[in-house]
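A.B. asks: Just one file: input27.txt, with compact mmCIF, C-alpha atoms and all ligand atoms.
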# COMPACT_ATOMS: atom_id res chain seq x y z
CA MET A 1 -9.77 49.04 4.73
CA TRP A 2 -9.38 46.04 6.97
CA GLN A 3 -8.73 46.52 10.60
CA ASN A 4 -7.51 43.05 11.26
CA LYS A 5 -4.73 41.19 9.63
CA ILE A 6 -5.75 38.35 7.37
CA PRO A 7 -5.12 35.02 9.11
CA VAL A 8 -2.97 32.44 7.35
CA THR A 9 -3.20 28.74 8.06
CA ILE A 10 -0.20 26.70 6.94
CA ILE A 11 -0.96 23.03 6.41
CA THR A 12 2.15 20.94 6.33
CA GLY A 13 2.99 17.25 6.80
CA TYR A 14 5.00 14.58 5.06
CA LEU A 15 4.08 13.09 1.66
CA GLY A 16 0.65 11.51 1.56
CA SER A 17 -0.22 12.25 5.18
CA GLY A 18 -3.69 13.66 4.50
CA LYS A 19 -3.15 17.41 3.88
CA THR A 20 -5.39 17.65 0.81
CA THR A 21 -8.05 15.60 2.58
CA LEU A 22 -7.92 18.10 5.44
CA LEU A 23 -7.98 21.07 3.08
CA ASN A 24 -11.08 19.70 1.36
CA ARG A 25 -12.78 19.37 4.73
CA VAL A 26 -11.98 22.95 5.65
CA LEU A 27 -13.25 24.18 2.28
CA ALA A 28 -16.45 22.14 2.58
CA ASP A 29 -17.06 23.74 5.94
CA LYS A 30 -18.54 27.16 6.70
CA VAL A 31 -15.30 28.17 8.36
CA GLY A 32 -13.37 27.74 5.12
CA GLU A 33 -15.62 30.03 3.10
CA LYS A 34 -13.92 32.93 1.39
CA SER A 35 -10.50 31.43 1.63
CA ALA A 36 -7.70 32.05 -0.79
CA VAL A 37 -6.01 28.70 -1.15
CA ILE A 38 -2.44 28.18 -2.23
CA VAL A 39 -1.35 24.68 -3.07
CA ASN A 40 2.29 23.94 -3.70
CA GLU A 41 3.22 20.85 -5.64
CA PHE A 42 6.61 19.16 -5.77
CA GLY A 43 7.03 18.14 -9.40
CA ASP A 44 6.09 19.70 -12.68
CA ILE A 45 2.37 19.38 -12.76
CA GLY A 46 -0.49 20.35 -10.60
CA ILE A 47 -2.48 17.29 -9.82
CA ASP A 48 -3.40 18.64 -6.42
CA SER A 49 -5.41 21.56 -7.70
CA GLN A 50 -7.45 19.07 -9.71
CA LEU A 51 -8.02 16.92 -6.64
CA VAL A 52 -9.05 19.76 -4.35
CA SER A 53 -12.79 20.11 -4.60
CA THR A 54 -13.58 23.76 -4.98
CA THR A 55 -16.57 25.97 -4.81
CA GLU A 56 -15.89 29.64 -4.92
CA GLU A 57 -12.51 29.82 -3.29
CA GLU A 58 -9.53 31.10 -5.18
CA ILE A 59 -7.19 28.20 -5.75
CA ILE A 60 -3.76 29.10 -6.87
CA GLU A 61 -0.96 26.75 -7.47
CA ILE A 62 2.74 27.20 -7.29
CA ASN A 63 4.41 24.29 -8.97
CA LYS A 64 7.72 25.44 -10.26
CA GLY A 65 9.49 24.06 -7.26
CA CYS A 66 9.26 23.79 -3.58
CA ILE A 67 7.54 26.60 -1.73
CA CYS A 68 10.22 26.76 0.91
CA CYS A 69 13.10 27.27 -1.52
CA ASN A 70 13.02 29.09 -4.82
CA VAL A 71 9.34 29.82 -4.72
CA ARG A 72 9.33 32.07 -1.67
CA SER A 73 9.42 35.17 -3.85
CA ASP A 74 6.59 33.72 -5.94
CA LEU A 75 4.54 33.40 -2.79
CA ILE A 76 5.08 37.05 -1.91
CA ARG A 77 4.30 38.15 -5.44
CA LEU A 78 1.17 36.07 -5.52
CA LEU A 79 -0.16 37.30 -2.20
CA THR A 80 0.63 40.90 -3.13
CA LYS A 81 -1.34 40.45 -6.33
CA LEU A 82 -4.26 38.96 -4.43
CA LEU A 83 -4.22 41.93 -2.04
CA LYS A 84 -4.26 44.36 -4.93
CA ARG A 85 -7.16 42.54 -6.55
CA MET A 86 -9.02 42.68 -3.27
CA GLN A 87 -8.36 46.41 -2.96
CA ARG A 88 -9.89 46.81 -6.41
CA ASN A 89 -12.86 44.68 -5.27
CA LYS A 90 -12.09 41.98 -7.83
CA VAL A 91 -11.89 39.26 -5.22
CA TYR A 92 -12.69 38.95 -1.57
CA PHE A 93 -11.08 36.60 0.87
CA ASN A 94 -10.84 36.70 4.61
CA ARG A 95 -8.23 34.03 5.13
CA VAL A 96 -5.40 32.30 3.35
CA ILE A 97 -4.74 28.60 3.52
CA ILE A 98 -1.43 27.29 2.24
CA GLU A 99 -0.85 23.60 1.65
CA THR A 100 2.87 23.01 1.32
CA THR A 101 4.41 20.01 -0.40
CA GLY A 102 5.21 17.00 1.72
CA LEU A 103 8.87 17.85 1.29
CA ALA A 104 8.72 21.43 2.45
CA ASN A 105 10.29 22.74 5.59
CA PRO A 106 7.69 25.16 6.94
CA GLY A 107 10.39 27.43 8.47
CA PRO A 108 10.98 29.56 5.38
CA VAL A 109 7.25 29.81 4.67
CA ILE A 110 6.72 31.14 8.18
CA GLN A 111 9.64 33.47 7.66
CA THR A 112 7.96 34.95 4.58
CA PHE A 113 5.14 36.29 6.73
CA LEU A 114 7.41 37.68 9.39
CA MET A 115 10.24 39.17 7.39
CA ASP A 116 8.60 40.78 4.41
CA ASP A 117 7.18 44.17 5.41
CA VAL A 118 4.10 44.04 3.22
CA MET A 119 3.32 40.49 4.23
CA ALA A 120 3.74 41.29 7.91
CA GLN A 121 1.50 44.32 7.59
CA TRP A 122 -1.41 42.46 6.02
CA PHE A 123 -1.14 38.89 7.20
CA LYS A 124 -0.67 37.01 10.43
CA ILE A 125 -0.05 33.32 10.80
CA ASP A 126 -2.98 31.76 12.59
CA ALA A 127 -1.43 28.33 13.00
CA VAL A 128 0.91 25.80 11.47
CA VAL A 129 -1.02 22.55 11.23
CA THR A 130 1.02 19.40 10.67
CA VAL A 131 -0.73 16.27 9.44
CA LEU A 132 0.97 13.02 10.40
CA ASP A 133 0.46 9.67 8.67
CA VAL A 134 0.70 7.45 11.72
CA LYS A 135 1.25 4.33 9.61
CA HIS A 136 4.16 5.57 7.52
CA LEU A 137 5.69 8.34 9.61
CA PRO A 138 7.88 5.92 11.61
CA TYR A 139 9.81 5.22 8.35
CA HIS A 140 10.41 8.92 7.77
CA LEU A 141 11.04 10.30 11.24
CA ASP A 142 14.73 10.70 10.49
CA GLU A 143 14.16 12.79 7.39
CA PRO A 144 14.96 16.44 8.10
CA GLU A 145 11.74 17.70 6.52
CA ALA A 146 9.57 15.41 8.65
CA LYS A 147 11.39 16.54 11.78
CA GLU A 148 11.05 20.23 11.04
CA GLN A 149 7.39 19.89 10.14
CA ILE A 150 6.81 18.44 13.58
CA ALA A 151 9.02 20.96 15.35
CA PHE A 152 7.32 24.00 13.81
CA SER A 153 3.81 22.77 14.36
CA ASP A 154 1.14 24.44 16.49
CA VAL A 155 -1.32 21.62 15.90
CA LEU A 156 -0.27 18.02 15.30
CA LEU A 157 -2.98 15.99 13.61
CA PHE A 158 -2.25 12.28 14.04
CA ASN A 159 -4.12 11.00 10.99
CA LYS A 160 -4.82 7.49 9.61
CA THR A 161 -5.37 6.10 13.09
CA ASP A 162 -7.47 3.37 11.42
CA LEU A 163 -4.27 1.81 10.08
CA VAL A 164 -2.31 1.14 13.28
CA SER A 165 -2.77 -0.58 16.64
CA LEU A 166 -3.18 1.51 19.78
CA ASN A 167 0.21 0.35 20.94
CA LYS A 168 1.96 1.59 17.81
CA LEU A 169 0.06 4.85 18.00
CA ASP A 170 1.13 5.36 21.63
CA ASN A 171 4.77 4.79 20.70
CA LEU A 172 4.62 7.29 17.91
CA VAL A 173 2.82 9.90 20.01
CA GLU A 174 5.54 9.58 22.61
CA LYS A 175 8.33 10.10 20.06
CA VAL A 176 6.58 13.02 18.41
CA SER A 177 5.79 14.63 21.76
CA ASP A 178 9.50 14.62 22.56
CA MET A 179 10.07 16.59 19.37
CA ASN A 180 7.36 19.15 20.10
CA GLN A 181 5.96 19.43 23.58
CA THR A 182 3.70 22.41 23.15
CA ALA A 183 1.63 21.68 20.04
CA LYS A 184 -2.00 20.72 20.48
CA GLN A 185 -2.54 17.06 19.55
CA LEU A 186 -5.55 15.85 17.59
CA PHE A 187 -6.38 12.39 16.21
CA SER A 188 -8.31 11.52 13.09
CA VAL A 189 -9.30 9.14 10.35
CA ASN A 190 -9.41 10.77 6.92
CA SER A 191 -8.48 14.08 8.55
CA GLU A 192 -11.95 14.23 10.03
CA ILE A 193 -11.93 16.78 12.81
CA ASP A 194 -13.96 19.71 13.91
CA THR A 195 -12.33 22.35 11.71
CA LYS A 196 -12.78 24.95 14.44
CA GLN A 197 -9.94 23.20 16.20
CA ILE A 198 -7.49 24.28 13.53
CA ILE A 199 -8.93 27.44 11.97
CA ASP A 200 -9.04 30.83 13.72
CA ILE A 201 -7.23 29.50 16.75
CA ASP A 202 -4.59 32.20 16.86
CA SER A 203 -2.01 29.82 18.21
CA PHE A 204 1.12 30.67 16.28
CA GLN A 205 3.90 31.06 18.83
CA LEU A 206 6.85 32.91 17.43
CA GLY A 207 8.93 32.81 20.60
CA GLN A 208 8.78 29.07 20.81
CA LYS A 209 9.67 28.73 17.12
CA LEU A 210 12.68 30.97 17.55
CA GLU A 211 13.89 28.89 20.43
CA LEU A 212 13.79 25.87 18.16
CA ASN A 213 15.50 27.61 15.33
CA PRO A 214 17.31 30.81 16.16
CA ASN A 215 18.11 31.22 12.45
CA LEU A 216 14.47 31.33 11.46
CA LEU A 217 14.48 35.05 10.87
CA ASP A 218 17.89 35.07 9.27
CA SER A 219 17.22 35.73 5.62
CA HIS A 220 20.28 33.74 4.61
CA HIS A 221 18.83 30.63 6.14
CA HIS A 222 19.24 27.75 3.73
CA HIS A 223 17.75 24.37 3.62
CA HIS A 224 18.36 21.35 1.43
CA HIS A 225 16.14 18.52 0.54
CA SER A 226 16.97 14.98 1.31
CA ASP A 227 17.58 12.49 -1.41
CA VAL A 228 14.03 12.26 -2.68
CA ARG A 229 13.17 12.78 -6.34
CA SER A 230 10.01 13.28 -8.29
CA PHE A 231 9.11 12.89 -11.92
CA VAL A 232 6.02 13.07 -14.04
CA LEU A 233 4.71 10.82 -16.81
CA LYS A 234 2.22 12.36 -19.18
CA ASP A 235 0.62 11.09 -22.40
CA ASP A 236 -2.54 11.65 -24.42
CA ARG A 237 -2.87 8.10 -25.75
CA PRO A 238 -5.54 6.06 -23.93
CA LEU A 239 -4.45 3.38 -21.46
CA HIS A 240 -5.78 -0.17 -21.27
CA ILE A 241 -7.31 -0.84 -17.91
CA ASN A 242 -6.06 -4.44 -17.61
CA LYS A 243 -2.51 -3.38 -18.27
CA VAL A 244 -2.80 -0.47 -15.88
CA ASN A 245 -3.97 -2.87 -13.16
CA GLN A 246 -1.04 -5.19 -13.84
CA TRP A 247 1.49 -2.39 -13.85
CA PHE A 248 0.20 -0.86 -10.65
CA SER A 249 0.08 -4.12 -8.77
CA TYR A 250 3.71 -4.67 -9.80
CA LEU A 251 4.70 -1.16 -8.69
CA VAL A 252 2.92 -1.38 -5.37
CA GLN A 253 4.35 -4.76 -4.47
CA ILE A 254 7.87 -4.42 -5.82
CA LYS A 255 8.54 -0.71 -5.59
CA GLY A 256 6.20 0.19 -2.74
CA GLU A 257 8.91 0.63 -0.17
CA ASN A 258 10.73 3.34 -2.13
CA LEU A 259 7.62 4.86 -3.62
CA PHE A 260 6.74 7.51 -1.05
CA ARG A 261 3.95 9.09 -2.98
CA TYR A 262 2.27 8.63 -6.38
CA LYS A 263 -0.92 10.08 -7.69
CA GLY A 264 -2.54 11.08 -10.89
CA ILE A 265 -5.32 11.17 -13.38
CA LEU A 266 -5.68 8.45 -16.02
CA TYR A 267 -7.25 8.48 -19.45
CA ILE A 268 -8.59 4.96 -19.84
CA LYS A 269 -9.78 3.61 -23.18
CA ASP A 270 -13.58 3.42 -23.48
CA TYR A 271 -14.16 5.14 -20.11
CA LYS A 272 -16.31 8.23 -20.07
CA GLU A 273 -14.87 9.23 -16.70
CA ARG A 274 -11.40 10.15 -15.62
CA VAL A 275 -9.76 7.70 -13.24
CA VAL A 276 -8.11 9.34 -10.26
CA PHE A 277 -5.68 7.41 -8.12
CA GLN A 278 -3.54 7.95 -5.05
CA GLY A 279 -0.84 5.95 -3.41
CA VAL A 280 1.41 6.10 -0.37
CA HIS A 281 3.96 3.29 -0.26
CA MET A 282 1.96 0.06 -0.57
CA LEU A 283 -1.41 1.62 0.05
CA PHE A 284 -3.15 2.39 -3.17
CA SER A 285 -6.60 3.49 -4.17
CA GLY A 286 -8.14 4.50 -7.45
CA LYS A 287 -11.62 5.36 -8.63
CA GLN A 288 -13.65 6.66 -11.52
CA ASP A 289 -14.12 10.37 -11.08
CA ARG A 290 -16.19 12.90 -13.01
CA PRO A 291 -16.69 12.54 -16.80
CA TRP A 292 -14.18 14.24 -19.07
CA LYS A 293 -15.43 17.66 -20.03
CA LYS A 294 -16.04 18.44 -23.69
CA ASP A 295 -13.30 21.02 -24.01
CA GLU A 296 -10.86 19.19 -21.78
CA LYS A 297 -7.78 17.52 -23.20
CA LYS A 298 -7.95 13.83 -22.41
CA GLN A 299 -4.61 12.70 -21.11
CA SER A 300 -2.95 10.77 -18.31
CA GLU A 301 -0.68 12.52 -15.84
CA ILE A 302 1.10 10.74 -13.04
CA VAL A 303 3.56 12.07 -10.50
CA PHE A 304 5.90 9.72 -8.67
CA ILE A 305 7.94 10.76 -5.65
CA GLY A 306 10.43 8.46 -3.97
CA LYS A 307 13.94 7.20 -3.52
CA ASP A 308 16.09 5.25 -6.01
CA LEU A 309 13.43 5.23 -8.69
CA ASP A 310 14.54 4.28 -12.20
CA VAL A 311 12.64 6.72 -14.41
CA GLU A 312 13.22 4.67 -17.58
CA GLU A 313 11.69 1.61 -16.02
CA PHE A 314 8.61 3.60 -15.05
CA ARG A 315 8.38 5.04 -18.52
CA LYS A 316 8.46 1.55 -20.04
CA GLY A 317 5.67 0.43 -17.74
CA PHE A 318 3.60 3.43 -18.75
CA GLU A 319 4.22 2.73 -22.46
CA TYR A 320 3.16 -0.88 -21.92
CA CYS A 321 -0.26 0.33 -20.72
CA MET A 322 -0.81 2.14 -24.05
CA LYS A 323 0.03 -0.78 -26.33
CA GLU A 324 -2.81 -2.63 -28.08
N1 LIG B 401 -6.73 4.62 5.54
C1 LIG B 401 -6.66 5.96 5.55
N2 LIG B 401 -6.34 6.63 4.41
C2 LIG B 401 -6.28 7.97 4.46
C3 LIG B 401 -6.54 8.69 5.65
N3 LIG B 401 -6.39 10.01 5.39
C4 LIG B 401 -6.05 10.12 4.09
N4 LIG B 401 -5.99 8.89 3.52
C5 LIG B 401 -5.62 8.58 2.13
O1 LIG B 401 -4.22 8.84 1.98
C6 LIG B 401 -3.94 9.33 0.66
C7 LIG B 401 -3.22 10.65 0.75
O2 LIG B 401 -4.08 11.66 1.24
P1 LIG B 401 -3.90 13.19 0.81
O3 LIG B 401 -4.90 13.99 1.58
O4 LIG B 401 -3.89 13.33 -0.66
O5 LIG B 401 -2.43 13.45 1.37
P2 LIG B 401 -1.46 14.70 1.14
O6 LIG B 401 -0.77 14.92 2.42
O7 LIG B 401 -2.23 15.84 0.57
O8 LIG B 401 -0.46 14.15 0.07
P3 LIG B 401 0.69 14.93 -0.77
O9 LIG B 401 0.55 16.37 -0.49
O10 LIG B 401 0.38 14.55 -2.16
O11 LIG B 401 1.96 14.35 -0.35
C8 LIG B 401 -5.29 9.42 -0.04
O12 LIG B 401 -5.46 8.24 -0.80
C9 LIG B 401 -6.28 9.48 1.11
O13 LIG B 401 -7.55 8.99 0.76
C10 LIG B 401 -6.89 7.96 6.85
O14 LIG B 401 -7.12 8.49 7.94
N5 LIG B 401 -6.92 6.60 6.72
What does this structure look like when you write it as structure tokens?
Ligand SMILES: Nc1nc2c(ncn2[C@@H]2O[C@H](COP(=O)(O)OP(=O)(O)OP(=O)(O)O)[C@@H](O)[C@H]2O)c(=O)[nH]1
C.D. replies:
Amino acid sequence: MWQNKIPVTIITGYLGSGKTTLLNRVLADKVGEKSAVIVNEFGDIGIDSQLVSTTEEEIIEINKGCICCNVRSDLIRLLTKLLKRMQRNKVYFNRVIIETTGLANPGPVIQTFLMDDVMAQWFKIDAVVTVLDVKHLPYHLDEPEAKEQIAFSDVLLFNKTDLVSLNKLDNLVEKVSDMNQTAKQLFSVNSEIDTKQIIDIDSFQLGQKLELNPNLLDSHHHHHHSDVRSFVLKDDRPLHINKVNQWFSYLVQIKGENLFRYKGILYIKDYKERVVFQGVHMLFSGKQDRPWKKDEKKQSEIVFIGKDLDVEEFRKGFEYCMKE
């Protein structure tokens, strides 16, 4: 039996801030070995689990909804199952890392570990790590999810510092510090930090969290998402690269402001490799990834998350990329 509770690191942060990049760093590091990883995706499909580079960790994905709402019971069920498998020596893990969706309020996730008896007996929260996209966060600071992610944080990672001036960064740090005065502050490009600064730091402060939100432990606590929607386009017909380039440059330039997050895997005609792309507002990057595996279904899957997006228009654009 284990004498110590299993530490849980909760990685949160708004859409596209650099959470998966951070998770990959932790997993590539010695400190992340033997982690059970839970990735929660907002939308129908799990692109994240395909983008997380894995070795021997258990990666489990919850993608039926948002982890902080209807999926809380799924989280408990899943962790209970993992515990049972460990007791039967089927798996071994000595920590849990949860990456929440960019639209999750971490409050209810924290609550899961405090309120449920079994969870509280076996697990302890090591830290809530919030990744901040210093370029785009100023546009989202008024969103309730962004605010709560900052408020509940034990470690604030100001990421993407390559994209802003020192002046802008200072302004943002000042605003964020007003919202959370006790969290440790770290700065990074591509979430590059010494992972020891966020893992096994035992810095979860319940008292301080309760001061912020006295309802945290109230099991009737409810939370509603702001007006942000997501949808997925999926098709197994190959896409033409020239058309894809045209469509994306249109989307980025014309829709970029309302397009908070988009990412996916593309099946491009005549390419042996998958194309993986990522976008946050007007910043976009795509690259050829590993070759398609023999038994893998070749198809394109894209998730879009944003405000005032006309799904039909996106669907037409996608169809256009398939036409000869
Ligand atoms: N320029 C720059 N780009 C970055 C930095 N960190 C991450 N990115 C890019 O930002 C995009 C989003 O990074 P992810 O790690 O996928 O972000 P995320 O928070 O997991 O995103 P979601 O969970 O999908 O909302 C990717 O294209 C990254 O390569 C950084 O410090 N600077």
A.B. asks: With only C-alpha atoms as the atoms that count, which of A:Gly286, A:Gly32, A:Gly279, A:Pro291 lies nearest to Ile199 of chain A?
C.D. replies: A:Gly32
A.B. asks: Using all atoms listed in the file, which residues have at least one atom no more than 6 Å from ligand LIG 401 (chain B)? Output them as a list of chain:residue names.
C.D. replies: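 Protein and nucleic-acid residues within 6 Å of ligand LIG 401 (chain B): A:Leu15, A:Gly16, A:Ser17, A:Gly18, A:Lys19, A:Thr20, A:Thr21, A:Thr101, A:Gly102, A:Asn159, A:Lys160, A:Thr161, A:Asp162, A:Leu163, A:Val189, A:Asn190, A:Ser191, A:Gln278, A:Gly279, A:Ser285.
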A.B. asks: Please, what distance in Å, to one decimal, runs between atom CA of Asn40 of chain A and atom CA of Ser230 of chain A?
C.D. replies: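 Atom CA of Asn40 of chain A sits 13.9 Å away from atom CA of Ser230 of chain A.
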A.B. asks: Calculate how many Å separate atom CA of Leu114 of chain A from atom CA of Glu145 of chain A, rounding to one decimal.
C.D. replies: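 Atom CA of Glu145 of chain A lies 20.6 Å from atom CA of Leu114 of chain A.
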A.B. asks: Hey, what's within 12 Å of Ser177 of chain A if we count all atoms listed in the file and toss same-chain stuff fewer than 3 positions away? As a VMD selection string, please?
C.D. replies: chain A and resid 147 150 to 151 153 155 to 156 158 169 to 174 180 to 185
A.B. asks: Write the selection just made, keeping C-alpha atoms, as an mmCIF file, in the frame of the given file?
C.D. replies:
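Output below, filename again_36.cif:
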data_model
loop_
_atom_site.group_PDB
_atom_site.id
_atom_site.type_symbol
_atom_site.label_atom_id
_atom_site.label_comp_id
_atom_site.auth_asym_id
_atom_site.auth_seq_id
_atom_site.Cartn_x
_atom_site.Cartn_y
_atom_site.Cartn_z
ATOM 1 C CA LYS A 147 11.390 16.540 11.780
ATOM 2 C CA ILE A 150 6.810 18.440 13.580
ATOM 3 C CA ALA A 151 9.020 20.960 15.350
ATOM 4 C CA SER A 153 3.810 22.770 14.360
ATOM 5 C CA VAL A 155 -1.320 21.620 15.900
ATOM 6 C CA LEU A 156 -0.270 18.020 15.300
ATOM 7 C CA PHE A 158 -2.250 12.280 14.040
ATOM 8 C CA LEU A 169 0.060 4.850 18.000
ATOM 9 C CA ASP A 170 1.130 5.360 21.630
ATOM 10 C CA ASN A 171 4.770 4.790 20.700
ATOM 11 C CA LEU A 172 4.620 7.290 17.910
ATOM 12 C CA VAL A 173 2.820 9.900 20.010
ATOM 13 C CA GLU A 174 5.540 9.580 22.610
ATOM 14 C CA ASN A 180 7.360 19.150 20.100
ATOM 15 C CA GLN A 181 5.960 19.430 23.580
ATOM 16 C CA THR A 182 3.700 22.410 23.150
ATOM 17 C CA ALA A 183 1.630 21.680 20.040
ATOM 18 C CA LYS A 184 -2.000 20.720 20.480
ATOM 19 C CA GLN A 185 -2.540 17.060 19.550
#
A.B. asks: Determine the nearest neighbour of Leu141 of chain A from the options A:Val91, A:Leu266, A:Met179, A:Leu283, counting only C-alpha atoms.
C.D. replies: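 Once distances to Leu141 of chain A are computed over only C-alpha atoms, the minimum belongs to A:Met179.
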A.B. asks: Would you kindly identify which residues have an atom no farther than 12 Å from (12.1, 0.8, -5.4), using only C-alpha atoms and the file's own coordinates, and write them out as a list in words?
C.D. replies: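 Here is the list of nearby residues: Val228, Tyr250, Leu251, Val252, Gln253, Ile254, Lys255, Gly256, Glu257, Asn258, Leu259, Phe260, Arg261, His281, Met282, Phe304, Ile305, Gly306, Lys307, Asp308, Leu309, Asp310, Val311, Glu313 and Phe314 of chain A.
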A.B. asks: Taking only C-alpha atoms into account, which of A:Leu157, A:Ala28, A:Leu75, A:Ile193 comes nearest Pro108 of chain A?
C.D. replies: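 The shortest atom-to-atom distance to Pro108 of chain A comes from A:Leu75.
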A.B. asks: If we draw a sphere of 12 Å around (-4.0, 39.4, -4.7), which residues have at least one atom in it when counting all atoms listed in the file? Please report them as a PyMOL selection string.
C.D. replies: chain A and resi 36-38+58-60+75-96+119+122
A.B. asks: What does the distance between atom CA of Lys124 of chain A and atom CA of Ile98 of chain A come to in Å, to one decimal place?
C.D. replies: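 So the two atoms, atom CA of Lys124 of chain A and atom CA of Ile98 of chain A, lie 12.7 Å apart.
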A.B. asks: Please list as a ChimeraX atom specification every residue within 12 Å of Asp126 of chain A, counting all atoms listed in the file and excluding residues in the same chain fewer than 4 positions away.
C.D. replies: /A:5-11,95-98,110,113,153-155,197-206
A.B. asks: Ranking A:Glu99, A:Pro138, A:Asn4, A:Glu324 by minimum distance to Asn24 of chain A and counting only C-alpha atoms, which one comes first?
C.D. replies: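 Among the listed residues, the smallest separation from Asn24 of chain A belongs to A:Glu99.
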A.B. asks: Quick one: of A:Arg274, A:Gln149, A:Tyr14, A:Lys323, who's nearest to Asp133 of chain A, counting all atoms listed in the file?
C.D. replies: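 Of A:Arg274, A:Gln149, A:Tyr14, A:Lys323, the one nearest Asp133 of chain A is A:Tyr14, counting all atoms listed in the file.
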